[in-house]
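Written below as structure tokens is the structure these notes are about.
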Amino acid sequence: MPNLRIQPGHQTDAAIEELEVLTTGDRGLSAVRSGSVQVELAVGRQTWPAKIIVRDAVSRRDAQALVETEARGSKVIVANQLSEEAKDYLTEHNARLRSFGWSWLDRRGELQLNHPHASGVIHFDSTVVPTGGNQRWKTAAPGSDGPIRGRAGIGWTSALLLDPDEPPSIRAVARETQMSHGAIGEASKRLREAGLVLPSGQPDIPDLFWALAAVWGPTRAAPVTSVPTMEVADRLHANADGPAQSMIPGWCLGGDESAAAWGAPLFAAGVRPWIWVPTEGDGRRAERALGTASWDESAAVVAVPPTALVCLRRTTPPTDERALSFLPTAHPLFLALNLAQDPSRGREILDQWHLDQPGFRRVW
């Protein structure tokens with residue numbers, strides 16, 4: 001870790017160099033120096049300037065003070081350690097912003113870049129100098145110039161594919177995705193202009209599915225040491241019985257094992273569970289309860305989806321021999337979107353997965 005007793009200018013230089021090294025070669029994320037205390041950040045095709053703020057340690061109180069004194073523009077806090085409470089506070093504060101966001105580099109192993117329309121995370125081994133080729137995970141938001149943009153675009157597109165025969169109203173999707181009516185309306189307009197929605201208002205299948213697959217990914221994903229028990233899930237308010245309750249968000253399982261339970265033609269024994277949780281705060285609480293791990297030694301992955309619909313439209317598979325069967329699975333649409341991310345086998349599996357269950361329609 002850089003010694004913070006050196007001159008402030010040198011501290012900033014070191015911080016910017018770290019950001020550049022961390023994002024070099026990492027597709028979808030970048031940080032490039034653009035001034036003495038400023039960088040140009042990028043997540044996907046979304047770019048924005050941000051000021052660098054260097055600290056030794058940041059508590060929740062420190063984060064609150066920074067937010068109060070640094071009122072304008074985007075910022076990146078670079079610190080030897082940021083408390084989980086500070087990260088939770090910044091995440092909550094970001095959720096209320098429209099024009100800029102707070103990002104951070106916690107030198108213990110996390111870089112998170114945040115913008116109102118984009119978010120990307122890198123978890124890295126703090127004992128080595130990280131390079132793009134050594135990253136264990138990264139996420140990137142969809143490009144800013146395509147027909148599916150940001151959370152609103154992903155949410156509206158997902159809603160169309162969930163109910164392709166009866167397109168939902170813009171107002172209903174705005175309520176479910178916790179987005180504004182205007183943002184969902186703009187997302188609808190872009191899909192129509194791109195020819196991905198038919199004159200009837202129904203989605204153009206399978207083209208819309210593959211357009212969504214091209215920008216699909218978690219906004220946060222972290223490896224954990226252990227899998228949750230039913231008791232831990234209850235303590236963390238996972239709402240495991242959510243499918244029996246109307247529109248109550250909660251944890252659900254993605255990944256190969258869940259897809260196999262819905263009839264996807266794949267062998268999923270012994271795979272790490274992929275656990276979707278509704279919010280960034282839920283993700284951090286789950287990580288603390290289950291313990292952080294390296295990717296090579298993890299027992300499960302806790303992830304935050306790019307749309308609230310993943311944790312709202314949970315369901316129970318027709319055959320259920322999963323290790324964590326007390327948790328529902330994600331809707332088959334979202335399981336298929338995850339499979340589509342595999343460049344070597346995704347399309348082949350989806351071509352052979354003929355979903356044949358009442359109430360569910362194959363859209364890929």
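Order determines the names: the first chain of the structure tokens is A, the second B, and so forth; residues in each chain are numbered 1 upward, and ligands are numbered 1 upward as they are shown.
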| said: Run DSSP on the backbone and tell me which residues of segment 184-252 of chain A come out as strand (DSSP E); list them as JSON, numbers by chain. | reply: {"A": [220, 221, 222, 223, 224, 252]}
Any chance you could export the current selection's all heavy atoms as a compact mmCIF listing (two decimals), in the first residue's frame?
# COMPACT_ATOMS: atom_id res chain seq x y z
N ARG A 220 -22.91 -6.28 -9.59
CA ARG A 220 -21.92 -6.62 -8.55
C ARG A 220 -21.90 -8.13 -8.41
O ARG A 220 -22.94 -8.78 -8.44
CB ARG A 220 -22.29 -5.97 -7.21
CG ARG A 220 -21.34 -6.32 -6.05
CD ARG A 220 -21.83 -5.74 -4.74
NE ARG A 220 -20.93 -6.07 -3.65
CZ ARG A 220 -19.84 -5.38 -3.34
NH1 ARG A 220 -19.53 -4.31 -4.03
NH2 ARG A 220 -19.06 -5.74 -2.34
N ALA A 221 -20.72 -8.72 -8.28
CA ALA A 221 -20.60 -10.16 -8.05
C ALA A 221 -19.38 -10.40 -7.17
O ALA A 221 -18.32 -9.83 -7.41
CB ALA A 221 -20.45 -10.91 -9.38
N ALA A 222 -19.55 -11.22 -6.14
CA ALA A 222 -18.46 -11.45 -5.21
C ALA A 222 -18.43 -12.92 -4.78
O ALA A 222 -19.47 -13.50 -4.47
CB ALA A 222 -18.61 -10.56 -3.97
N PRO A 223 -17.25 -13.54 -4.75
CA PRO A 223 -17.12 -14.91 -4.26
C PRO A 223 -17.18 -14.95 -2.74
O PRO A 223 -16.68 -14.05 -2.06
CB PRO A 223 -15.73 -15.33 -4.77
CG PRO A 223 -14.96 -14.05 -4.83
CD PRO A 223 -15.94 -12.98 -5.18
N VAL A 224 -17.82 -15.98 -2.19
CA VAL A 224 -17.94 -16.11 -0.74
C VAL A 224 -17.46 -17.48 -0.29
O VAL A 224 -17.40 -18.43 -1.07
CB VAL A 224 -19.40 -15.87 -0.27
CG1 VAL A 224 -19.80 -14.42 -0.48
CG2 VAL A 224 -20.37 -16.80 -0.99
N CYS A 252 -32.70 -15.39 -4.92
CA CYS A 252 -33.02 -16.51 -5.79
C CYS A 252 -31.74 -17.05 -6.41
O CYS A 252 -30.70 -16.38 -6.37
CB CYS A 252 -34.03 -16.12 -6.87
SG CYS A 252 -33.46 -14.82 -8.01
| request: Would you kindly return, as a count of residues only, each protein, DNA or RNA residue with an atom no farther than 12 Å from any atom of His93 of chain A, considering only C-alpha atoms and excluding same-chain residues fewer than 2 positions away? | output: 26
| message | I want to know what sits within 10 Å of Gly182 of chain A, based on only C-alpha atoms, with residues of the same chain fewer than 6 positions away left out; could you give that as a PyMOL selection string? | response | chain A and resi 152+170-171+174+188
Write the residues you've just listed into a file as a tab-separated table (two decimals), in the first residue's frame, and include all heavy atoms for each of them.
chain	number	residue	atom	x	y	z
A	152	ALA	N	-32.99	1.08	-16.95
A	152	ALA	CA	-34.32	1.23	-17.52
A	152	ALA	C	-34.48	0.38	-18.78
A	152	ALA	O	-35.50	-0.30	-18.97
A	152	ALA	CB	-34.59	2.71	-17.84
A	170	ILE	N	-46.15	0.63	-19.43
A	170	ILE	CA	-44.96	1.35	-18.98
A	170	ILE	C	-45.06	1.67	-17.50
A	170	ILE	O	-44.08	1.54	-16.75
A	170	ILE	CB	-44.79	2.63	-19.81
A	170	ILE	CG1	-44.37	2.27	-21.24
A	170	ILE	CG2	-43.77	3.57	-19.17
A	170	ILE	CD1	-44.29	3.44	-22.19
A	171	ARG	N	-46.24	2.05	-17.05
A	171	ARG	CA	-46.41	2.40	-15.63
A	171	ARG	C	-46.15	1.19	-14.72
A	171	ARG	O	-45.50	1.31	-13.68
A	171	ARG	CB	-47.82	2.95	-15.40
A	171	ARG	CG	-48.02	3.56	-14.02
A	171	ARG	CD	-49.37	4.24	-13.91
A	171	ARG	NE	-49.52	5.28	-14.92
A	171	ARG	CZ	-49.02	6.51	-14.80
A	171	ARG	NH1	-48.33	6.82	-13.71
A	171	ARG	NH2	-49.20	7.40	-15.75
A	174	ALA	N	-42.40	0.48	-14.62
A	174	ALA	CA	-41.72	1.51	-13.84
A	174	ALA	C	-41.86	1.22	-12.34
A	174	ALA	O	-40.90	1.36	-11.57
A	174	ALA	CB	-42.29	2.89	-14.17
A	188	SER	N	-38.69	2.21	-24.03
A	188	SER	CA	-39.66	1.65	-24.98
A	188	SER	C	-39.50	2.27	-26.36
A	188	SER	O	-39.51	1.57	-27.38
A	188	SER	CB	-41.08	1.88	-24.46
A	188	SER	OG	-42.04	1.50	-25.41
| request: Find the residues around Val310 of chain A up to 7 Å (only C-alpha atoms counted), leave out those fewer than 5 positions away in its own chain, and share them as a PyMOL selection string. | output: chain A and resi 305+330+334
Generate the output file for the selected residues, N, CA, C and O atoms, as a CSV table (one decimal), in the first residue's frame.
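For reference, again.csv as written:
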chain,number,residue,atom,x,y,z
A,305,PRO,N,-28.4,-8.2,-9.5
A,305,PRO,CA,-28.8,-8.2,-10.9
A,305,PRO,C,-28.9,-6.8,-11.5
A,305,PRO,O,-29.1,-5.8,-10.7
A,330,ALA,N,-34.3,-18.1,-10.2
A,330,ALA,CA,-34.7,-17.0,-11.0
A,330,ALA,C,-35.6,-17.5,-12.1
A,330,ALA,O,-35.7,-18.7,-12.4
A,334,PHE,N,-34.1,-15.4,-17.1
A,334,PHE,CA,-32.8,-14.9,-16.6
A,334,PHE,C,-31.8,-16.0,-16.5
A,334,PHE,O,-30.6,-15.8,-16.7
| query | Which one of A:Ser226, A:Asn80, A:Ser30, A:Asn239 sits closest to Ala300 of chain A if you count only C-alpha atoms? | reply |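 Ranked by minimum distance to Ala300 of chain A, first place goes to A:Ser226.
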| So how many Å separate atom CA of Asp106 of chain A and atom CA of Ala31 of chain A, to one decimal? | 15.2 Å
| request: Could you give me the residues within segment 182-211 of chain A that DSSP places in alpha helix (DSSP H), as JSON, numbers by chain? | output: {"A": [182, 183, 184, 185, 186, 187, 188, 189, 190, 191, 192, 193, 207, 208, 209, 210, 211]}
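Among the candidates A:Asp62, A:Pro317, A:Asp165, A:Glu84, the one nearest to Leu355 of chain A when counting only C-alpha atoms is A:Pro317.
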Exercise: His331 of chain A partners within 9 Å, only C-alpha atoms, chain neighbours under 2 positions left out, as an mmCIF file with N, CA, C and O atoms, in the first residue's frame:
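Listing of result_36.cif after writing:
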data_model
loop_
_atom_site.group_PDB
_atom_site.id
_atom_site.type_symbol
_atom_site.label_atom_id
_atom_site.label_comp_id
_atom_site.auth_asym_id
_atom_site.auth_seq_id
_atom_site.Cartn_x
_atom_site.Cartn_y
_atom_site.Cartn_z
ATOM 1 N N LEU A 162 -40.563 -11.400 -20.451
ATOM 2 C CA LEU A 162 -41.235 -12.200 -19.434
ATOM 3 C C LEU A 162 -42.695 -12.479 -19.810
ATOM 4 O O LEU A 162 -43.230 -13.553 -19.517
ATOM 5 N N GLY A 254 -29.455 -18.540 -9.537
ATOM 6 C CA GLY A 254 -29.215 -18.638 -10.962
ATOM 7 C C GLY A 254 -28.239 -19.779 -11.203
ATOM 8 O O GLY A 254 -28.118 -20.698 -10.395
ATOM 9 N N VAL A 310 -35.340 -9.572 -11.626
ATOM 10 C CA VAL A 310 -34.739 -10.889 -11.345
ATOM 11 C C VAL A 310 -35.172 -11.383 -9.976
ATOM 12 O O VAL A 310 -35.523 -12.558 -9.799
ATOM 13 N N CYS A 311 -35.148 -10.502 -8.986
ATOM 14 C CA CYS A 311 -35.478 -10.895 -7.614
ATOM 15 C C CYS A 311 -36.956 -10.717 -7.286
ATOM 16 O O CYS A 311 -37.377 -10.996 -6.163
ATOM 17 N N ARG A 313 -39.472 -11.776 -9.937
ATOM 18 C CA ARG A 313 -40.128 -12.857 -10.681
ATOM 19 C C ARG A 313 -39.449 -14.195 -10.397
ATOM 20 O O ARG A 313 -39.008 -14.901 -11.307
ATOM 21 N N ARG A 314 -39.378 -14.538 -9.120
ATOM 22 C CA ARG A 314 -38.770 -15.811 -8.736
ATOM 23 C C ARG A 314 -39.786 -16.936 -8.868
ATOM 24 O O ARG A 314 -40.983 -16.708 -8.860
ATOM 25 N N THR A 315 -39.290 -18.155 -8.962
ATOM 26 C CA THR A 315 -40.216 -19.260 -9.170
ATOM 27 C C THR A 315 -39.584 -20.571 -8.699
ATOM 28 O O THR A 315 -38.410 -20.609 -8.323
ATOM 29 N N THR A 316 -40.370 -21.625 -8.710
ATOM 30 C CA THR A 316 -39.915 -22.950 -8.265
ATOM 31 C C THR A 316 -39.904 -23.893 -9.454
ATOM 32 O O THR A 316 -40.907 -23.995 -10.170
ATOM 33 N N THR A 329 -35.675 -20.327 -7.670
ATOM 34 C CA THR A 329 -34.758 -19.994 -8.757
ATOM 35 C C THR A 329 -35.198 -18.697 -9.408
ATOM 36 O O THR A 329 -36.333 -18.232 -9.230
ATOM 37 N N LEU A 333 -36.188 -17.105 -18.035
ATOM 38 C CA LEU A 333 -35.620 -16.077 -18.918
ATOM 39 C C LEU A 333 -34.244 -15.659 -18.436
ATOM 40 O O LEU A 333 -33.288 -15.577 -19.227
ATOM 41 N N PHE A 334 -34.109 -15.392 -17.128
ATOM 42 C CA PHE A 334 -32.843 -14.909 -16.600
ATOM 43 C C PHE A 334 -31.792 -16.021 -16.544
ATOM 44 O O PHE A 334 -30.593 -15.761 -16.668
ATOM 45 N N LEU A 335 -32.252 -17.260 -16.351
ATOM 46 C CA LEU A 335 -31.321 -18.387 -16.422
ATOM 47 C C LEU A 335 -30.772 -18.521 -17.839
ATOM 48 O O LEU A 335 -29.578 -18.789 -18.041
ATOM 49 N N ALA A 336 -31.633 -18.314 -18.837
ATOM 50 C CA ALA A 336 -31.194 -18.393 -20.235
ATOM 51 C C ALA A 336 -30.233 -17.263 -20.574
ATOM 52 O O ALA A 336 -29.260 -17.463 -21.317
ATOM 53 N N PHE A 360 -44.862 -20.517 -19.038
ATOM 54 C CA PHE A 360 -43.532 -20.040 -19.429
ATOM 55 C C PHE A 360 -43.377 -20.215 -20.943
ATOM 56 O O PHE A 360 -43.736 -21.267 -21.484
#
| Best match for closeness to Arg347 of chain A among A:Leu236, A:Leu327, A:Ala213, A:Leu253, counting only C-alpha atoms |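 Among A:Leu236, A:Leu327, A:Ala213, A:Leu253, it is A:Ala213 that comes nearest to Arg347 of chain A.
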| field | Atom pair atom CA of Leu22 of chain A / atom CA of Gly35 of chain A: separation (Å) | value | 18.5 Å
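With atom CA of Ile349 of chain A on one side and atom CA of Leu198 of chain A on the other, the separation reads 27.1 Å.
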| For Ser325 of chain A, which of A:Pro168, A:Pro249, A:Pro343, A:Pro228 is the closest residue, counting only C-alpha atoms? | A:Pro228
